[in-house]
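The structure appears below as structure tokens.
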Amino acid sequence: MNKKEKFLPYTAPKLEAKDALAAAKAYYQKINQRRSVRHFSDDPVDPEIIENILKAANCAPSGAHKQPWSFCVVSNPELKKAIQLAAEKEEYENYHSRMSDSWLKDLEILGTDWHKEFLSIAPYLIIVFKKSYDLINGEKKKNYYVNESVGLACGFLINAIHEAGLVTLTHTPSPMNFLHELLERPENEKPFLLLPVGFPAADAEVPNLKRKDLDEFTYWYQ
Ligand code: IYR
């Protein structure tokens, strides 16, 4: 049997400086088009696209390479509807009593409320779970930097969704435990993020937001 090599040469191609700059600019221009979209079309999406965006998410770095995540992909209409109803039940409470007045005021620019129709309209819901430990033959094996790792995987996922010409939304119904129950997940998994994925509705609109300028969020020490 071949002994597994512990280290391999790093083989990513090196770009010329001008090509690297062009690539960085082109990438920024592309990702600057990304928006959180709340109005979805019910047009179907090729499941192979979903498989590939999930493989991209799985390329994120993670603590001790534990990859402490699970991604549940829901296209079953009854299950999507059940998720919508359970999420709306929690959000109704959030908007009517749990969220502070200043929080509600901060959300006005987004125009959100407790209705979450997009959860049954979008062809896919991806529900990301974090695993604070792995269960291997009934034994608990601890994972590290779980929130950071799963957050990074979600970032990669959102990026891949955008690259594929699809849209998504980082939805965090709170509390999210109903997802653990509806999807019958094991005890070591906790819901982290819910992302509806699909094409935007023909009449989709997004809030008129501006991103911070570079000098508002970067500090250079030279
Ligand atoms: N989870 C609620 C409220 C909400 C909270 C934040 I912070 C947002 O950026 C957007 C919405 C909802 O999904 O409506």
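Chain lettering (A, B, ...) mirrors the order of the structure tokens, residue numbering begins at 1 for each chain separately, and ligand numbering begins at 1 in order of display.
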
Using only C-alpha atoms and all ligand atoms, which residues of the polymer chains come no farther than 8 Å from ligand 1? I'd like the answer as a CSV table (one decimal) with N, CA, C and O atoms, in the first residue's frame.
chain,number,residue,atom,x,y,z
A,91,GLU,N,-40.6,34.5,13.4
A,91,GLU,CA,-40.3,35.9,13.0
A,91,GLU,C,-41.5,36.8,13.4
A,91,GLU,O,-41.3,38.0,13.7
A,94,ASN,N,-40.7,37.8,16.7
A,94,ASN,CA,-39.5,38.7,16.7
A,94,ASN,C,-40.0,40.1,16.4
A,94,ASN,O,-39.7,41.1,17.1
A,95,TYR,N,-40.8,40.2,15.3
A,95,TYR,CA,-41.2,41.6,14.9
A,95,TYR,C,-42.2,42.2,15.8
A,95,TYR,O,-42.3,43.4,15.9
A,103,TRP,N,-33.7,48.3,16.9
A,103,TRP,CA,-33.5,47.2,15.9
A,103,TRP,C,-34.5,47.3,14.8
A,103,TRP,O,-34.1,47.3,13.6
A,107,LEU,N,-33.8,48.2,10.7
A,107,LEU,CA,-34.2,47.3,9.6
A,107,LEU,C,-35.1,48.0,8.6
A,107,LEU,O,-35.3,47.4,7.5
A,110,LEU,N,-34.3,47.9,4.9
A,110,LEU,CA,-34.4,46.7,4.2
A,110,LEU,C,-35.8,46.3,3.8
A,110,LEU,O,-36.1,45.5,2.9
A,112,THR,N,-38.0,44.6,5.5
A,112,THR,CA,-38.3,43.3,5.9
A,112,THR,C,-39.5,43.3,6.9
A,112,THR,O,-39.8,44.2,7.6
A,113,ASP,N,-40.2,42.1,6.9
A,113,ASP,CA,-41.2,41.9,8.0
A,113,ASP,C,-41.3,40.4,8.2
A,113,ASP,O,-40.4,39.7,7.8
A,114,TRP,N,-42.3,39.9,8.9
A,114,TRP,CA,-42.3,38.5,9.3
A,114,TRP,C,-42.7,37.6,8.2
A,114,TRP,O,-42.5,36.3,8.4
A,115,HIS,N,-43.2,38.1,7.1
A,115,HIS,CA,-43.6,37.2,6.0
A,115,HIS,C,-42.3,36.7,5.3
A,115,HIS,O,-41.4,37.5,5.0
A,116,LYS,N,-42.3,35.4,5.0
A,116,LYS,CA,-41.1,34.8,4.4
A,116,LYS,C,-41.5,33.9,3.2
A,116,LYS,O,-41.1,32.7,3.2
A,171,HIS,N,-30.5,34.2,5.6
A,171,HIS,CA,-31.6,34.3,6.5
A,171,HIS,C,-31.3,33.6,7.8
A,171,HIS,O,-30.8,32.4,7.8
A,172,THR,N,-31.6,34.3,8.9
A,172,THR,CA,-31.3,33.7,10.2
A,172,THR,C,-32.6,33.8,11.1
A,172,THR,O,-32.6,34.6,12.0
A,173,PRO,N,-33.6,33.0,10.8
A,173,PRO,CA,-34.8,33.0,11.7
A,173,PRO,C,-34.3,32.7,13.1
A,173,PRO,O,-33.4,31.8,13.2
A,174,SER,N,-34.8,33.3,14.0
A,174,SER,CA,-34.3,33.1,15.4
A,174,SER,C,-35.5,32.9,16.4
A,174,SER,O,-36.4,33.7,16.4

> Please, which residues of chain A, numbered as in this document, come out alpha helix (DSSP H) from DSSP, as a ChimeraX atom specification?
Replying inline: /A:17-31,47-57,77-93,101-107,118-121,146-163,177-182,214-217

>> Give me, as a list in words, the residues of range 1-153 of chain A that a backbone DSSP run labels strand (DSSP E).
In response: Trp69, Ser70, Phe71, Cys72, Val73, Val74, Tyr124, Leu125, Ile126, Ile127, Val128, Phe129, Lys130, Lys131, Tyr133, Asp134, Leu135, Ile136, Glu139, Lys140, Lys141 and Lys142 of chain A

Let's have the selection written as an mmCIF file, in the first residue's frame, with N, CA and C atoms.
data_model
loop_
_atom_site.group_PDB
_atom_site.id
_atom_site.type_symbol
_atom_site.label_atom_id
_atom_site.label_comp_id
_atom_site.auth_asym_id
_atom_site.auth_seq_id
_atom_site.Cartn_x
_atom_site.Cartn_y
_atom_site.Cartn_z
ATOM 1 N N TRP A 69 -18.965 21.279 9.140
ATOM 2 C CA TRP A 69 -20.234 21.762 8.586
ATOM 3 C C TRP A 69 -20.999 20.636 7.919
ATOM 4 N N SER A 70 -22.331 20.804 7.853
ATOM 5 C CA SER A 70 -23.208 19.982 7.002
ATOM 6 C C SER A 70 -24.112 20.945 6.261
ATOM 7 N N PHE A 71 -24.397 20.627 5.017
ATOM 8 C CA PHE A 71 -25.293 21.447 4.196
ATOM 9 C C PHE A 71 -26.509 20.595 3.817
ATOM 10 N N CYS A 72 -27.693 21.013 4.226
ATOM 11 C CA CYS A 72 -28.910 20.308 3.841
ATOM 12 C C CYS A 72 -29.541 21.052 2.677
ATOM 13 N N VAL A 73 -29.882 20.332 1.643
ATOM 14 C CA VAL A 73 -30.434 20.941 0.422
ATOM 15 C C VAL A 73 -31.890 20.519 0.300
ATOM 16 N N VAL A 74 -32.789 21.478 0.428
ATOM 17 C CA VAL A 74 -34.219 21.162 0.446
ATOM 18 C C VAL A 74 -34.877 21.700 -0.820
ATOM 19 N N TYR A 124 -34.540 26.066 -4.203
ATOM 20 C CA TYR A 124 -33.712 25.357 -3.212
ATOM 21 C C TYR A 124 -33.572 26.178 -1.938
ATOM 22 N N LEU A 125 -33.596 25.481 -0.814
ATOM 23 C CA LEU A 125 -33.161 26.075 0.457
ATOM 24 C C LEU A 125 -31.923 25.299 0.879
ATOM 25 N N ILE A 126 -30.856 26.033 1.166
ATOM 26 C CA ILE A 126 -29.663 25.377 1.718
ATOM 27 C C ILE A 126 -29.599 25.758 3.191
ATOM 28 N N ILE A 127 -29.635 24.758 4.053
ATOM 29 C CA ILE A 127 -29.548 25.022 5.486
ATOM 30 C C ILE A 127 -28.196 24.513 5.959
ATOM 31 N N VAL A 128 -27.418 25.452 6.511
ATOM 32 C CA VAL A 128 -26.054 25.128 6.930
ATOM 33 C C VAL A 128 -26.082 24.811 8.420
ATOM 34 N N PHE A 129 -25.474 23.702 8.786
ATOM 35 C CA PHE A 129 -25.361 23.307 10.192
ATOM 36 C C PHE A 129 -23.897 23.344 10.604
ATOM 37 N N LYS A 130 -23.668 23.742 11.861
ATOM 38 C CA LYS A 130 -22.294 23.702 12.398
ATOM 39 C C LYS A 130 -22.175 22.523 13.351
ATOM 40 N N LYS A 131 -20.976 21.946 13.373
ATOM 41 C CA LYS A 131 -20.743 20.775 14.219
ATOM 42 C C LYS A 131 -19.656 21.119 15.235
ATOM 43 N N TYR A 133 -18.711 19.305 17.521
ATOM 44 C CA TYR A 133 -17.896 18.088 17.622
ATOM 45 C C TYR A 133 -18.371 17.101 16.574
ATOM 46 N N ASP A 134 -17.493 16.181 16.191
ATOM 47 C CA ASP A 134 -17.883 15.097 15.301
ATOM 48 C C ASP A 134 -18.231 13.887 16.152
ATOM 49 N N LEU A 135 -19.128 13.065 15.663
ATOM 50 C CA LEU A 135 -19.467 11.816 16.351
ATOM 51 C C LEU A 135 -18.885 10.678 15.534
ATOM 52 N N ILE A 136 -17.796 10.078 16.046
ATOM 53 C CA ILE A 136 -17.148 8.996 15.298
ATOM 54 C C ILE A 136 -17.263 7.712 16.114
ATOM 55 N N GLU A 139 -18.196 8.242 19.556
ATOM 56 C CA GLU A 139 -17.257 9.016 20.383
ATOM 57 C C GLU A 139 -17.250 10.478 19.933
ATOM 58 N N LYS A 140 -17.204 11.415 20.918
ATOM 59 C CA LYS A 140 -17.199 12.835 20.581
ATOM 60 C C LYS A 140 -15.780 13.301 20.269
ATOM 61 N N LYS A 141 -15.582 13.910 19.083
ATOM 62 C CA LYS A 141 -14.269 14.461 18.706
ATOM 63 C C LYS A 141 -14.445 15.955 18.484
ATOM 64 N N LYS A 142 -13.759 16.742 19.294
ATOM 65 C CA LYS A 142 -13.970 18.192 19.295
ATOM 66 C C LYS A 142 -13.514 18.856 17.992
#

> Restricting the calculation to only C-alpha atoms, which member of A:Ala57, A:Ile158, A:Ala122, A:Val150 is positioned closest to Phe199 in chain A?
Replying inline: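 Residue with the minimum atom-to-atom distance to Phe199 in chain A: A:Ala122.
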
> So which one's closest to Arg98 in chain A, A:Ser41, A:Arg35, A:Pro175, A:Gly138? Using only C-alpha atoms, please.
Replying inline: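 Of A:Ser41, A:Arg35, A:Pro175, A:Gly138, the one nearest Arg98 in chain A is A:Pro175, counting only C-alpha atoms.
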
> Contacts of Cys59 in chain A at 10 Å or less, counting only C-alpha atoms, minus same-chain residues fewer than 6 places along, as a PyMOL selection string?
Replying inline: chain A and resi 67+152-153+156-157

Those same residues, written as a CSV table (one decimal), in the first residue's frame with all heavy atoms?
chain,number,residue,atom,x,y,z
A,67,GLN,N,-13.5,20.7,8.8
A,67,GLN,CA,-14.6,20.9,7.9
A,67,GLN,C,-15.9,20.7,8.8
A,67,GLN,O,-16.7,19.8,8.4
A,67,GLN,CB,-14.6,20.0,6.7
A,67,GLN,CG,-13.3,20.3,5.9
A,67,GLN,CD,-13.2,19.4,4.7
A,67,GLN,OE1,-12.6,18.3,4.8
A,67,GLN,NE2,-13.7,19.8,3.5
A,152,LEU,N,-16.9,31.1,7.2
A,152,LEU,CA,-16.1,31.2,5.9
A,152,LEU,C,-16.7,30.3,4.8
A,152,LEU,O,-16.8,30.7,3.7
A,152,LEU,CB,-14.6,30.7,6.2
A,152,LEU,CG,-13.8,31.7,7.0
A,152,LEU,CD1,-12.6,31.0,7.7
A,152,LEU,CD2,-13.3,32.8,6.1
A,153,ALA,N,-17.1,29.1,5.2
A,153,ALA,CA,-17.7,28.2,4.2
A,153,ALA,C,-19.0,28.9,3.6
A,153,ALA,O,-19.2,28.8,2.4
A,153,ALA,CB,-18.1,26.9,4.8
A,156,PHE,N,-17.8,31.4,1.1
A,156,PHE,CA,-17.5,30.8,-0.2
A,156,PHE,C,-18.8,30.4,-1.0
A,156,PHE,O,-18.9,30.5,-2.2
A,156,PHE,CB,-16.6,29.5,0.1
A,156,PHE,CG,-15.2,29.8,0.3
A,156,PHE,CD1,-14.7,30.8,1.1
A,156,PHE,CD2,-14.2,28.9,-0.3
A,156,PHE,CE1,-13.4,31.1,1.3
A,156,PHE,CE2,-12.8,29.2,-0.1
A,156,PHE,CZ,-12.4,30.2,0.7
A,157,LEU,N,-19.7,29.9,-0.2
A,157,LEU,CA,-21.0,29.4,-0.8
A,157,LEU,C,-21.7,30.6,-1.5
A,157,LEU,O,-22.1,30.5,-2.7
A,157,LEU,CB,-21.9,28.8,0.2
A,157,LEU,CG,-23.3,28.3,-0.2
A,157,LEU,CD1,-23.1,27.0,-1.0
A,157,LEU,CD2,-24.2,28.1,1.0

Skipping near chain neighbours, those fewer than 2 positions away, what residues fall within 12 Å of Lys210 in chain A using only C-alpha atoms, listed as a short mmCIF file (atom, residue, chain, number, x, y, z; two decimals) with N, CA, C and O atoms, in the first residue's frame?
data_model
loop_
_atom_site.label_atom_id
_atom_site.label_comp_id
_atom_site.auth_asym_id
_atom_site.auth_seq_id
_atom_site.Cartn_x
_atom_site.Cartn_y
_atom_site.Cartn_z
N ASN A 32 -18.96 43.07 -6.48
CA ASN A 32 -19.69 44.29 -6.12
C ASN A 32 -21.12 44.28 -6.67
O ASN A 32 -21.96 45.05 -6.23
N GLN A 33 -21.39 43.38 -7.61
CA GLN A 33 -22.76 43.23 -8.14
C GLN A 33 -23.61 42.35 -7.21
O GLN A 33 -24.82 42.24 -7.40
N ARG A 35 -25.90 41.11 -4.43
CA ARG A 35 -26.87 41.71 -3.51
C ARG A 35 -27.67 40.60 -2.84
O ARG A 35 -27.89 39.54 -3.43
N ILE A 109 -34.59 50.24 6.41
CA ILE A 109 -33.99 50.37 5.07
C ILE A 109 -34.12 49.09 4.24
O ILE A 109 -34.04 49.13 3.02
N VAL A 206 -34.05 45.59 -4.90
CA VAL A 206 -33.17 45.52 -3.72
C VAL A 206 -33.11 46.91 -3.09
O VAL A 206 -33.30 47.92 -3.78
N PRO A 207 -32.85 46.99 -1.80
CA PRO A 207 -32.76 48.30 -1.16
C PRO A 207 -31.63 49.13 -1.76
O PRO A 207 -30.61 48.57 -2.19
N ASN A 208 -31.84 50.43 -1.77
CA ASN A 208 -30.83 51.34 -2.33
C ASN A 208 -29.76 51.62 -1.27
O ASN A 208 -29.82 52.62 -0.56
N LYS A 212 -19.50 50.95 2.28
CA LYS A 212 -18.48 51.86 2.81
C LYS A 212 -17.35 52.03 1.80
O LYS A 212 -17.02 51.09 1.07
N ASP A 213 -16.75 53.24 1.76
CA ASP A 213 -15.56 53.45 0.93
C ASP A 213 -14.35 52.81 1.61
O ASP A 213 -14.33 52.63 2.83
#
